[in-house]
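Text of work-v4.csv, listed as CSV, C-alpha atoms:
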```csv
chain,number,residue,atom,x,y,z
I,953,MET,CA,8.7,22.1,-10.4
I,954,THR,CA,5.0,21.9,-9.2
I,955,VAL,CA,2.5,22.1,-12.0
I,956,ILE,CA,-0.7,23.9,-10.9
I,957,THR,CA,-3.2,25.1,-13.5
I,958,GLU,CA,-5.6,27.9,-13.1
I,959,PRO,CA,-8.7,25.6,-13.2
I,960,VAL,CA,-7.2,23.6,-10.4
I,961,GLN,CA,-6.6,26.7,-8.3
I,962,ALA,CA,-10.1,27.9,-8.9
I,963,ALA,CA,-11.5,24.4,-7.7
I,964,GLU,CA,-9.7,24.5,-4.3
I,965,ALA,CA,-12.6,26.1,-2.6
I,966,ASP,CA,-15.1,23.4,-3.6
I,967,SER,CA,-16.2,20.7,-1.2
I,968,GLY,CA,-18.0,17.4,-1.5
I,969,PHE,CA,-17.6,15.0,-4.4
I,970,ALA,CA,-16.7,18.0,-6.7
I,971,ARG,CA,-13.2,17.8,-5.2
I,972,TYR,CA,-12.7,14.4,-6.8
I,973,ARG,CA,-14.1,15.6,-10.1
I,974,HIS,CA,-11.7,18.5,-10.2
I,975,ALA,CA,-8.7,16.4,-9.1
I,976,LEU,CA,-9.4,13.9,-11.9
I,977,ARG,CA,-10.0,16.7,-14.4
I,978,ALA,CA,-6.5,18.1,-13.8
I,979,PRO,CA,-4.4,17.7,-17.0
I,980,GLY,CA,-3.2,14.2,-17.5
I,981,ALA,CA,-4.6,12.9,-14.1
I,982,LEU,CA,-6.8,10.1,-15.4
I,983,ALA,CA,-4.2,9.1,-18.0
I,984,PHE,CA,-1.8,8.1,-15.2
I,985,ALA,CA,-4.2,7.2,-12.4
I,986,ILE,CA,-6.0,4.4,-14.3
I,987,PRO,CA,-2.9,2.4,-15.4
I,988,GLY,CA,-1.4,3.1,-11.9
I,989,ALA,CA,-4.4,1.3,-10.4
I,990,VAL,CA,-4.2,-1.6,-12.8
I,991,GLY,CA,-0.5,-1.9,-12.2
I,992,ARG,CA,-1.0,-2.1,-8.4
I,993,MET,CA,-3.3,-5.1,-8.6
I,994,PRO,CA,-0.3,-7.4,-8.2
I,995,MET,CA,0.3,-5.9,-4.8
I,996,ALA,CA,-2.8,-7.7,-3.5
I,997,MET,CA,-2.5,-10.8,-5.7
I,998,LEU,CA,1.1,-12.0,-6.1
I,999,SER,CA,1.7,-13.3,-2.6
I,1000,LEU,CA,-1.5,-15.3,-2.5
I,1001,ALA,CA,-1.1,-16.5,-6.0
I,1002,GLN,CA,2.4,-17.8,-5.2
I,1003,VAL,CA,1.2,-19.5,-2.0
I,1004,MET,CA,-1.6,-21.2,-3.9
I,1005,LEU,CA,0.7,-22.3,-6.7
I,1006,LEU,CA,3.5,-23.6,-4.4
I,1007,THR,CA,1.2,-25.5,-2.1
I,1008,ALA,CA,-0.5,-27.1,-5.1
I,1009,VAL,CA,2.9,-28.2,-6.5
I,1010,THR,CA,4.8,-29.1,-3.2
I,1011,GLY,CA,1.8,-29.9,-0.9
I,1012,SER,CA,3.6,-27.9,1.8
I,1013,TYR,CA,2.3,-24.7,3.4
I,1014,GLY,CA,5.7,-24.4,5.1
I,1015,ILE,CA,7.6,-24.2,1.9
I,1016,ALA,CA,5.1,-21.8,0.4
I,1017,GLY,CA,5.2,-19.6,3.5
I,1018,SER,CA,9.0,-19.5,3.6
I,1019,VAL,CA,9.3,-18.5,0.0
I,1020,SER,CA,6.6,-15.8,0.5
I,1021,ALA,CA,8.4,-14.4,3.5
I,1022,ALA,CA,11.8,-14.4,1.8
I,1023,GLY,CA,10.2,-12.6,-1.2
I,1024,ALA,CA,8.5,-10.0,1.0
I,1025,LEU,CA,11.8,-9.1,2.7
I,1026,LEU,CA,13.6,-8.8,-0.6
I,1027,TYR,CA,10.8,-6.7,-2.0
I,1028,ALA,CA,11.1,-4.4,1.1
I,1029,ALA,CA,14.8,-4.0,0.3
I,1030,VAL,CA,14.5,-3.5,-3.4
I,1031,THR,CA,11.6,-1.1,-3.5
I,1032,PRO,CA,13.2,2.1,-2.0
I,1033,ARG,CA,16.3,1.6,-4.1
I,1034,ALA,CA,14.2,1.3,-7.3
I,1035,ALA,CA,12.3,4.5,-6.2
I,1036,ARG,CA,15.6,6.3,-5.6
I,1037,LEU,CA,16.7,5.4,-9.2
I,1038,ALA,CA,13.3,6.6,-10.5
I,1039,ASP,CA,13.8,10.0,-8.8
I,1040,ARG,CA,17.3,10.2,-10.2
I,1041,TYR,CA,16.7,9.0,-13.8
I,1042,GLY,CA,13.0,9.1,-14.3
I,1043,GLN,CA,10.2,6.6,-13.8
I,1044,ALA,CA,10.1,5.2,-17.3
I,1045,ARG,CA,13.9,4.4,-17.4
I,1046,VAL,CA,13.5,2.3,-14.2
I,1047,LEU,CA,10.1,0.8,-14.3
I,1048,ARG,CA,10.3,-0.7,-17.9
I,1049,PRO,CA,13.5,-2.7,-17.2
I,1050,GLN,CA,12.1,-3.7,-13.8
I,1051,VAL,CA,8.8,-5.0,-15.2
I,1052,ILE,CA,10.7,-7.1,-17.8
I,1053,VAL,CA,12.7,-8.8,-15.0
I,1054,PHE,CA,9.6,-9.3,-13.0
I,1055,ALA,CA,7.7,-10.8,-15.9
I,1056,ALA,CA,10.7,-13.1,-16.8
I,1057,ALA,CA,11.0,-14.3,-13.1
I,1058,THR,CA,7.3,-14.9,-12.8
I,1059,ALA,CA,7.3,-16.9,-16.1
I,1060,ALA,CA,10.3,-18.9,-14.8
I,1061,LEU,CA,8.4,-19.7,-11.6
I,1062,ALA,CA,5.4,-20.8,-13.7
I,1063,ALA,CA,7.7,-23.0,-15.9
I,1064,CYS,CA,9.3,-24.5,-12.8
I,1065,ALA,CA,5.9,-25.3,-11.3
I,1066,ILE,CA,4.6,-26.9,-14.5
I,1067,GLY,CA,7.8,-28.9,-14.9
I,1068,ARG,CA,7.8,-30.0,-11.2
I,1069,ALA,CA,11.3,-28.5,-10.7
I,1070,PRO,CA,13.2,-29.0,-7.4
I,1071,VAL,CA,12.1,-27.0,-4.4
I,1072,TRP,CA,15.2,-24.8,-4.6
I,1073,ALA,CA,14.3,-23.7,-8.1
I,1074,LEU,CA,10.8,-22.9,-7.1
I,1075,ALA,CA,12.2,-20.9,-4.1
I,1076,VAL,CA,14.7,-18.9,-6.2
I,1077,THR,CA,12.2,-18.0,-8.9
I,1078,GLY,CA,9.4,-17.3,-6.4
I,1079,ALA,CA,11.5,-15.0,-4.3
I,1080,LEU,CA,13.0,-13.2,-7.3
I,1081,SER,CA,9.5,-12.7,-8.7
I,1082,ARG,CA,8.2,-11.1,-5.5
I,1083,ALA,CA,11.4,-9.0,-5.1
I,1084,THR,CA,11.2,-7.4,-8.5
I,1085,MET,CA,7.5,-6.6,-8.6
I,1086,PRO,CA,7.2,-2.9,-9.5
I,1087,SER,CA,5.7,-0.7,-6.8
I,1088,LEU,CA,3.5,1.8,-8.5
I,1089,GLY,CA,1.9,3.4,-5.5
I,1090,PRO,CA,4.7,5.8,-4.7
I,1091,MET,CA,5.2,6.5,-8.5
I,1092,VAL,CA,1.5,7.5,-8.9
I,1093,ARG,CA,1.4,9.6,-5.7
I,1094,SER,CA,4.6,11.4,-6.8
I,1095,ARG,CA,2.8,12.4,-10.0
I,1096,TRP,CA,-0.1,13.7,-8.0
I,1097,SER,CA,2.2,15.7,-5.8
I,1098,ARG,CA,3.8,17.3,-8.8
I,1099,LEU,CA,0.4,18.0,-10.4
I,1100,LEU,CA,-1.5,19.2,-7.3
I,1101,GLY,CA,1.2,20.0,-4.7
I,1102,GLY,CA,0.5,23.2,-2.8
I,1103,THR,CA,-3.3,22.9,-3.4
I,1104,ALA,CA,-6.1,21.7,-1.2
I,1105,LEU,CA,-7.0,19.1,-3.9
I,1106,LEU,CA,-4.0,17.0,-3.0
I,1107,ASP,CA,-6.1,15.6,-0.1
I,1108,ALA,CA,-8.7,14.4,-2.5
I,1109,ALA,CA,-6.1,12.9,-4.9
I,1110,PHE,CA,-4.4,10.9,-2.1
I,1111,SER,CA,-7.8,9.8,-0.8
I,1112,LEU,CA,-8.6,8.5,-4.3
I,1113,GLU,CA,-5.4,6.5,-4.2
I,1114,GLY,CA,-6.2,5.1,-0.8
I,1115,ILE,CA,-9.7,4.1,-2.0
I,1116,ALA,CA,-8.2,2.4,-5.0
I,1117,ASP,CA,-5.8,0.5,-2.8
I,1118,GLU,CA,-8.7,-0.7,-0.6
I,1119,LEU,CA,-10.7,-1.9,-3.7
I,1120,ILE,CA,-7.6,-3.6,-5.0
I,1121,PHE,CA,-7.1,-5.5,-1.8
I,1122,ILE,CA,-10.8,-6.5,-1.8
I,1123,THR,CA,-11.0,-7.7,-5.4
I,1124,GLY,CA,-7.4,-9.0,-5.9
I,1125,PRO,CA,-7.5,-12.0,-3.6
I,1126,VAL,CA,-11.0,-12.9,-5.0
I,1127,LEU,CA,-9.6,-12.9,-8.6
I,1128,VAL,CA,-6.6,-15.0,-7.6
I,1129,ALA,CA,-8.8,-17.6,-5.9
I,1130,ALA,CA,-11.2,-17.7,-8.9
I,1131,LEU,CA,-8.3,-18.3,-11.2
I,1132,ALA,CA,-6.7,-20.9,-9.1
I,1133,VAL,CA,-9.9,-22.8,-8.5
I,1134,GLY,CA,-11.6,-22.3,-11.9
I,1135,SER,CA,-8.5,-22.7,-14.0
I,1136,VAL,CA,-5.1,-24.0,-13.0
I,1137,PRO,CA,-3.0,-22.8,-10.1
I,1138,VAL,CA,-0.4,-21.3,-12.4
I,1139,ALA,CA,-2.9,-18.9,-13.9
I,1140,GLY,CA,-2.8,-16.7,-10.8
I,1141,VAL,CA,0.8,-15.7,-11.1
I,1142,LEU,CA,0.7,-15.3,-14.9
I,1143,VAL,CA,-2.4,-13.0,-14.8
I,1144,THR,CA,-0.6,-11.0,-12.0
I,1145,ALA,CA,2.4,-10.5,-14.2
I,1146,ALA,CA,0.3,-9.5,-17.2
I,1147,LEU,CA,-1.5,-6.8,-15.1
I,1148,SER,CA,1.8,-5.4,-13.9
I,1149,VAL,CA,3.1,-5.2,-17.5
I,1150,ILE,CA,-0.1,-3.5,-18.7
I,1151,GLY,CA,0.0,-1.0,-15.8
I,1152,VAL,CA,3.7,-0.1,-16.1
I,1153,LEU,CA,3.5,0.4,-19.9
I,1154,GLY,CA,0.4,2.6,-19.5
I,1155,LEU,CA,1.9,4.6,-16.7
I,1156,THR,CA,5.3,5.1,-18.3
I,1157,GLY,CA,3.7,6.1,-21.6
I,1158,GLN,CA,2.4,9.3,-19.8
I,1159,ARG,CA,5.6,11.3,-20.0
I,1160,ARG,CA,4.1,14.7,-19.5
I,1161,SER,CA,3.0,14.0,-15.9
I,1162,GLU,CA,6.3,12.2,-15.0
I,1163,PRO,CA,8.3,14.0,-12.4
I,1164,PRO,CA,11.5,15.3,-13.9
I,1165,ALA,CA,14.7,13.5,-13.1
I,1166,ALA,CA,16.6,15.0,-10.2
I,1167,PRO,CA,20.3,14.1,-10.3
I,1168,VAL,CA,22.0,13.8,-7.0
I,1169,THR,CA,24.0,16.7,-5.7
I,1170,ARG,CA,26.9,16.6,-3.3
I,1171,THR,CA,24.9,18.5,-0.7
I,1172,GLN,CA,21.8,16.4,-0.9
I,1173,LYS,CA,21.0,14.3,2.1
I,1174,ALA,CA,19.6,10.7,2.0
I,1175,ALA,CA,15.8,10.8,2.1
I,1176,LEU,CA,15.7,8.6,5.2
I,1177,ARG,CA,17.7,11.2,7.1
I,1178,SER,CA,14.6,13.3,7.3
I,1179,PRO,CA,13.2,13.1,10.9
I,1180,GLY,CA,9.6,13.4,9.6
I,1181,LEU,CA,10.1,10.5,7.1
I,1182,ARG,CA,11.7,8.3,9.8
I,1183,ALA,CA,8.8,9.0,12.1
I,1184,VAL,CA,6.1,8.2,9.6
I,1185,ALA,CA,8.0,5.1,8.4
I,1186,GLY,CA,8.1,3.8,12.0
I,1187,MET,CA,4.4,4.3,12.3
I,1188,ASN,CA,3.8,2.4,9.1
I,1189,GLY,CA,6.0,-0.4,10.3
I,1190,CYS,CA,3.7,-0.8,13.3
I,1191,LEU,CA,0.6,-0.5,11.1
I,1192,GLY,CA,2.0,-3.4,8.9
I,1193,ALA,CA,2.1,-5.6,12.0
I,1194,LEU,CA,-1.4,-4.4,13.0
I,1195,PHE,CA,-2.9,-5.2,9.6
I,1196,VAL,CA,-1.4,-8.7,9.3
I,1197,ALA,CA,-2.4,-9.5,12.9
I,1198,VAL,CA,-6.0,-8.5,12.1
I,1199,ASP,CA,-5.9,-10.7,9.0
I,1200,LEU,CA,-4.6,-13.8,10.8
I,1201,ALA,CA,-6.9,-13.3,13.8
I,1202,THR,CA,-10.0,-12.9,11.6
I,1203,ILE,CA,-9.2,-16.1,9.8
I,1204,ALA,CA,-8.8,-17.8,13.2
I,1205,PHE,CA,-12.0,-16.2,14.4
I,1206,ALA,CA,-14.0,-17.5,11.5
I,1207,GLN,CA,-12.6,-21.0,12.0
I,1208,GLN,CA,-13.4,-21.0,15.7
I,1209,HIS,CA,-17.0,-20.1,15.0
I,1210,GLY,CA,-17.3,-22.9,12.4
I,1211,ALA,CA,-17.5,-20.6,9.4
I,1212,LYS,CA,-14.1,-20.7,7.8
I,1213,ALA,CA,-15.5,-19.2,4.5
I,1214,ALA,CA,-16.6,-16.1,6.4
I,1215,ALA,CA,-13.0,-14.9,6.9
I,1216,GLY,CA,-12.9,-13.4,3.4
I,1217,PRO,CA,-16.2,-11.4,3.7
I,1218,LEU,CA,-15.2,-10.2,7.1
I,1219,LEU,CA,-11.8,-8.9,5.8
I,1220,GLY,CA,-13.7,-7.4,2.9
I,1221,LEU,CA,-15.8,-5.4,5.3
I,1222,TYR,CA,-12.6,-4.2,7.0
I,1223,GLY,CA,-11.5,-2.8,3.6
I,1224,LEU,CA,-15.0,-1.6,2.8
I,1225,GLY,CA,-15.1,0.5,6.0
I,1226,SER,CA,-11.8,2.1,5.1
I,1227,ALA,CA,-13.0,2.8,1.5
I,1228,ILE,CA,-16.2,4.5,2.7
I,1229,ALA,CA,-14.4,6.7,5.2
I,1230,GLY,CA,-11.8,7.4,2.6
I,1231,VAL,CA,-14.4,8.8,0.3
I,1232,TRP,CA,-15.7,11.1,3.0
I,1233,TYR,CA,-12.2,12.2,4.0
I,1234,GLY,CA,-11.4,13.3,0.4
I,1235,THR,CA,-14.6,15.4,0.2
I,1236,ARG,CA,-13.6,17.7,3.0
I,1237,ARG,CA,-11.6,20.9,2.7
I,1238,TRP,CA,-9.4,20.4,5.8
I,1239,ARG,CA,-8.1,23.4,7.8
I,1240,SER,CA,-6.6,21.4,10.6
I,1241,PRO,CA,-2.8,20.7,10.4
I,1242,LEU,CA,-1.7,17.6,8.6
I,1243,SER,CA,0.0,16.2,11.7
I,1244,PHE,CA,-3.2,16.5,13.7
I,1245,ARG,CA,-5.2,14.7,11.0
I,1246,LEU,CA,-2.7,11.9,10.8
I,1247,THR,CA,-2.7,11.4,14.6
I,1248,ALA,CA,-6.5,11.5,14.8
I,1249,ALA,CA,-6.9,9.0,11.9
I,1250,LEU,CA,-4.3,6.8,13.4
I,1251,ALA,CA,-6.0,6.8,16.8
I,1252,ALA,CA,-9.3,5.8,15.1
I,1253,THR,CA,-7.5,3.0,13.2
I,1254,VAL,CA,-5.9,1.6,16.3
I,1255,LEU,CA,-8.7,2.0,18.9
I,1256,GLY,CA,-11.1,0.5,16.4
I,1257,VAL,CA,-9.2,-2.8,16.7
I,1258,ALA,CA,-9.7,-3.1,20.5
I,1259,PRO,CA,-13.4,-4.3,20.4
I,1260,LEU,CA,-12.6,-7.1,18.0
I,1261,ALA,CA,-11.0,-9.2,20.7
I,1262,PHE,CA,-14.4,-9.4,22.5
I,1263,MET,CA,-16.9,-10.1,19.7
I,1264,PRO,CA,-19.2,-13.0,20.6
I,1265,GLY,CA,-20.2,-14.0,17.1
I,1266,LEU,CA,-20.1,-13.5,13.3
I,1267,TRP,CA,-22.7,-10.7,13.0
I,1268,PRO,CA,-21.3,-8.5,15.8
I,1269,MET,CA,-17.9,-9.1,14.3
I,1270,ALA,CA,-19.1,-8.0,10.9
I,1271,ALA,CA,-20.3,-4.7,12.4
I,1272,ALA,CA,-17.3,-4.1,14.5
I,1273,ILE,CA,-14.7,-4.9,11.9
I,1274,THR,CA,-16.4,-2.5,9.5
I,1275,VAL,CA,-16.2,0.3,12.1
I,1276,ALA,CA,-12.5,-0.7,12.8
I,1277,GLY,CA,-11.6,0.0,9.2
I,1278,LEU,CA,-12.9,3.6,9.1
I,1279,GLY,CA,-9.6,5.3,10.0
I,1280,ILE,CA,-7.3,3.4,7.6
I,1281,SER,CA,-7.6,5.4,4.4
I,1282,ALA,CA,-7.2,8.7,6.1
I,1283,THR,CA,-4.2,7.4,8.0
I,1284,LEU,CA,-2.5,6.2,4.8
I,1285,ALA,CA,-3.4,9.3,2.8
I,1286,ALA,CA,-2.0,11.6,5.5
I,1287,SER,CA,1.1,9.4,5.9
I,1288,TYR,CA,2.0,9.7,2.3
I,1289,GLN,CA,1.4,13.5,2.4
I,1290,VAL,CA,3.8,13.8,5.3
I,1291,ALA,CA,6.4,11.7,3.6
I,1292,ALA,CA,6.2,13.7,0.4
I,1293,ALA,CA,6.4,17.0,2.3
I,1294,ALA,CA,9.4,15.8,4.4
I,1295,VAL,CA,11.9,15.8,1.6
I,1296,PRO,CA,12.8,17.8,-1.5
I,1297,ALA,CA,10.6,17.3,-4.6
I,1298,GLY,CA,13.4,15.2,-6.2
I,1299,GLN,CA,13.1,12.6,-3.5
I,1300,ARG,CA,9.4,12.2,-3.2
I,1301,THR,CA,9.1,8.8,-4.8
I,1302,GLU,CA,11.9,7.3,-2.7
I,1303,ALA,CA,10.3,8.9,0.5
I,1304,MET,CA,6.9,7.4,-0.2
I,1305,SER,CA,8.4,4.0,-1.1
I,1306,TRP,CA,10.0,3.8,2.4
I,1307,LEU,CA,6.4,3.7,3.8
I,1308,THR,CA,5.8,0.6,1.6
I,1309,THR,CA,9.0,-0.9,2.8
I,1310,ALA,CA,8.2,-0.1,6.5
I,1311,ALA,CA,4.8,-1.7,6.2
I,1312,ALA,CA,6.2,-4.8,4.5
I,1313,THR,CA,8.8,-5.2,7.2
I,1314,GLY,CA,6.2,-4.8,9.9
I,1315,THR,CA,4.1,-7.4,8.2
I,1316,ALA,CA,7.0,-9.9,7.9
I,1317,LEU,CA,8.0,-9.4,11.6
I,1318,GLY,CA,4.4,-9.3,12.9
I,1319,ALA,CA,3.0,-12.3,11.1
I,1320,PRO,CA,5.0,-15.0,13.0
I,1321,LEU,CA,4.5,-13.3,16.4
I,1322,ALA,CA,0.8,-12.9,15.9
I,1323,GLY,CA,0.6,-16.4,14.5
I,1324,ARG,CA,2.2,-17.9,17.6
I,1325,LEU,CA,-0.1,-15.9,19.9
I,1326,ILE,CA,-3.2,-17.1,18.0
I,1327,ASP,CA,-2.0,-20.7,18.0
I,1328,SER,CA,-1.6,-20.6,21.8
I,1329,SER,CA,-4.5,-18.4,22.9
I,1330,GLY,CA,-6.9,-18.0,20.0
I,1331,ALA,CA,-8.1,-15.1,17.9
I,1332,PRO,CA,-8.5,-12.6,20.7
I,1333,ALA,CA,-4.8,-12.7,21.4
I,1334,GLY,CA,-4.1,-11.8,17.8
I,1335,TYR,CA,-6.4,-8.8,18.0
I,1336,LEU,CA,-4.7,-7.7,21.2
I,1337,PHE,CA,-1.3,-8.0,19.5
I,1338,ALA,CA,-2.7,-5.8,16.7
I,1339,LEU,CA,-3.8,-3.2,19.3
I,1340,ALA,CA,-0.4,-3.3,21.0
I,1341,ALA,CA,1.3,-2.7,17.6
I,1342,GLY,CA,-1.1,0.2,16.9
I,1343,LEU,CA,-0.4,1.8,20.3
I,1344,ALA,CA,3.3,1.7,19.5
I,1345,ALA,CA,2.4,3.7,16.3
I,1346,ILE,CA,0.4,6.2,18.3
I,1347,ALA,CA,3.3,6.6,20.7
I,1348,ILE,CA,5.6,7.4,17.8
I,1349,ALA,CA,3.1,10.0,16.5
I,1350,ILE,CA,2.9,11.7,19.8
I,1351,LEU,CA,6.6,11.7,20.7
I,1352,ARG,CA,7.6,12.8,17.2
I,1353,SER,CA,4.7,15.2,16.5
I,1354,ARG,CA,7.1,18.1,15.8
I,1355,ASP,CA,8.7,16.1,13.0
I,1356,LEU,CA,5.3,15.3,11.3
I,1357,ARG,CA,4.6,18.9,10.4
```
Translate the structure of the given file into structure tokens.
Amino acid sequence: MTVITEPVQAAEADSGFARYRHALRAPGALAFAIPGAVGRMPMAMLSLAQVMLLTAVTGSYGIAGSVSAAGALLYAAVTPRAARLADRYGQARVLRPQVIVFAAATAALAACAIGRAPVWALAVTGALSRATMPSLGPMVRSRWSRLLGGTALLDAAFSLEGIADELIFITGPVLVAALAVGSVPVAGVLVTAALSVIGVLGLTGQRRSEPPAAPVTRTQKAALRSPGLRAVAGMNGCLGALFVAVDLATIAFAQQHGAKAAAGPLLGLYGLGSAIAGVWYGTRRWRSPLSFRLTAALAATVLGVAPLAFMPGLWPMAAAITVAGLGISATLAASYQVAAAAVPAGQRTEAMSWLTTAAATGTALGAPLAGRLIDSSGAPAGYLFALAAGLAAIAIAILRSRDLR
């Protein structure tokens, strides 16, 4: 059942920043949005924190990378199944046990690192920690869909979540690096686990906004059988490969220009461009079809990558990568809306979690391919690989446009 209050209905005609204000003033919105953002910080922190910890303990980037890749694939497998259980039994009944397992596995990894345990113990605890990390993005967006579904304010709400994700990915790695350098390497994973626990407890404490449990019926189809969901998941898989290729190529670009430390600020500008455009996207009262908005934003995201392969220096790259990020938030916001609309209300969380899984899978598959191209031909090859992955996403959007409505 969708919950729409009269004040929310009256606010639909507003434009500009008032749309954000009205969305956040919807009953219970801030109470779940804030802990949802806190609990998503680990999404941008855990992988880097684990790599920094494992390299400090083992001295091997190969071991750290292997553990990170294994954990990412397990996370991609676990996340939609946890979301399916959340749809069936309620978010609180799934997230609370899951965060306990995550905290225990992360604490075990920290203990193994401090005790200089064998590599196999570090690998098992590291992969288990990554696999069991709660994914709160689909949970929060499912609450927004229940609260504002059927209103024009849902665009603003999903834009807010996209902006939050960008800010998380800008600040999270900085926090991890500060903890690892200024304290001890193990601090990064422990703080990450603490943030997850705080976020999950805060979110699951808001029971009034929690979507009702929807027991499975005999006639109910699996969420992934929806053509629209499969199409948007395929697009997000390609985007995962695009994003990781841009990350790797930007690191290589900075090194090739003798400014290794510039990689972080350049990637921060990529996220900043996305956040700025995401703010604008949410202020608009859109009349164009959702499928058109998704395709247009996707095209901006993909085509913005093309010039990066030809930038002659750091300052031109700074401008170009900021522009390249302008389409990201709108693309992700529209993607989640398409996924939520493609299935019955009782499957929204699972549907949106498949986008997370698709992006993680694309990242895992794209990283080694992009890395080999960069090793052999330099940063431009990485950006061109990102462009190719993005063009594949556009092809899916065009060929499956009927399914995206």
Closest contacts (region 1097-1156 of chain I/region 1260-1279 of chain I, max 12 Å, all atoms listed in the file) as a tab-separated table:
```
residue	atom	partner	partner_atom	distance
I:Ser1111	CA	I:Gly1279	CA	11.8
I:Gly1114	CA	I:Gly1279	CA	11.3
I:Ile1115	CA	I:Leu1278	CA	11.6
I:Glu1118	CA	I:Gly1277	CA	10.2
```
Keeping only C-alpha atoms, write those residues as a PDB file, in the coordinates of the input.
```
ATOM      1  CA  SER I1111      -7.800   9.800  -0.800  1.00  0.00           C
ATOM      2  CA  GLY I1114      -6.200   5.100  -0.800  1.00  0.00           C
ATOM      3  CA  ILE I1115      -9.700   4.100  -2.000  1.00  0.00           C
ATOM      4  CA  GLU I1118      -8.700  -0.700  -0.600  1.00  0.00           C
TER       5      GLU I1118
END
```
Using all atoms listed in the file, which of I:Val1003, I:Ala1174, I:Leu1147, I:Ala1312 sits nearest Gly1298 (chain I)?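 Nearest candidate to Gly1298 (chain I) out of I:Val1003, I:Ala1174, I:Leu1147, I:Ala1312: I:Ala1174.
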Tell me, counting all atoms listed in the file, for each residue of region 1130-1200 of chain I within 12 Å of region 1230-1246 of chain I, which pair of atoms is nearest and how far apart they are in Å to one decimal, in rows ordered by chain and increasing number, as a tab-separated table.
```
residue	atom	partner	partner_atom	distance
I:Gly1180	CA	I:Ser1243	CA	10.2
I:Ala1183	CA	I:Ser1243	CA	11.4
I:Val1184	CA	I:Leu1246	CA	9.6
I:Met1187	CA	I:Leu1246	CA	10.5
I:Asn1188	CA	I:Leu1246	CA	11.6
```
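Once Ala1206 (chain I) and its same-chain neighbours fewer than 4 positions away are set aside, Asp1199, Leu1200, Ala1201, Thr1202, Gly1210, Ala1211, Lys1212, Ala1213, Ala1214, Ala1215, Gly1216, Pro1217, Leu1218, Leu1219, Met1263, Pro1264, Gly1265, Leu1266, Trp1267, Met1269, Ala1270, Gly1330, Ala1331 and Pro1332 of chain I remain within 12 Å of it when counting only C-alpha atoms.
Look at Val1076 (chain I): the protein and nucleic acid residues within 10 Å of it, using all atoms listed in the file and passing over chain neighbours fewer than 6 places away, are Val1019, Ala1022, Gly1023, Ala1057, Ala1060 and Leu1061 of chain I.
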Given all atoms listed in the file as the counted atoms, nearest of I:Pro1086, I:Gly1067, I:Gly1014, I:Pro1296 to Arg1033 (chain I): I:Pro1086
What does the distance between CA of Ala1322 (chain I) and CA of Phe1337 (chain I) come to in Å, to one decimal place?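 Atom-to-atom, CA of Ala1322 (chain I) and CA of Phe1337 (chain I) are spaced 6.4 Å apart.
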Figure out the distance between CA of Leu1100 (chain I) and CA of Gly968 (chain I), please, to one decimal in Å. 17.6 Å
For each of I:Ala1297, I:Asp1117, I:Ala1065, I:Lys1173, take the minimum atom-to-atom distance to Ser1226 (chain I), counting only C-alpha atoms, then give the residue where this is smallest. I:Asp1117
Distance table requested - region 1127-1241 of chain I against region 1339-1342 of chain I, cut-off 12 Å, all atoms listed in the file: one row per qualifying residue with the closest atom pair and its distance in Å to one decimal, ordered by chain and rising residue number, as a tab-separated table.
```
residue	atom	partner	partner_atom	distance
I:Gly1186	CA	I:Ala1341	CA	10.9
I:Met1187	CA	I:Gly1342	CA	8.3
I:Asn1188	CA	I:Gly1342	CA	9.5
I:Gly1189	CA	I:Ala1341	CA	9.0
I:Cys1190	CA	I:Ala1341	CA	5.3
I:Leu1191	CA	I:Gly1342	CA	6.1
I:Gly1192	CA	I:Ala1341	CA	8.8
I:Ala1193	CA	I:Ala1341	CA	6.4
I:Leu1194	CA	I:Ala1341	CA	5.6
I:Phe1195	CA	I:Gly1342	CA	9.3
I:Val1196	CA	I:Ala1341	CA	10.6
I:Ala1197	CA	I:Ala1341	CA	9.1
I:Val1198	CA	I:Leu1339	CA	9.2
I:Ala1201	CA	I:Leu1339	CA	11.9
```
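Nearest residue to Leu1006 (chain I), choosing from I:Ala1227, I:Ala1145, I:Val1071, I:Ala1258 and counting all atoms listed in the file: I:Val1071.
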Find the distance between CA of Thr1253 (chain I) and CA of Ala970 (chain I) and write it in Å to one decimal.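 CA of Ala970 (chain I) lies at a distance of 26.6 Å from CA of Thr1253 (chain I).
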Between I:Ala1204, I:Ala975, I:Leu1127, I:Ala1062, which is the closest to Arg1324 (chain I) once you count only C-alpha atoms?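 Residue with the minimum atom-to-atom distance to Arg1324 (chain I): I:Ala1204.
Take the candidates I:Trp1306, I:Gly1323, I:Ile1280, I:Leu1181 and check each one against Leu1356 (chain I) using all atoms listed in the file; the shortest distance goes to I:Leu1181.
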Need the shell around Arg992 (chain I): protein/DNA/RNA residues with any atom at most 9 Å away, counting all atoms listed in the file. Skip same-chain ones fewer than 4 positions apart. Format as number ranges by chain? I: 987-988, 996, 1086-1089, 1117, 1120, 1147-1148, 1151
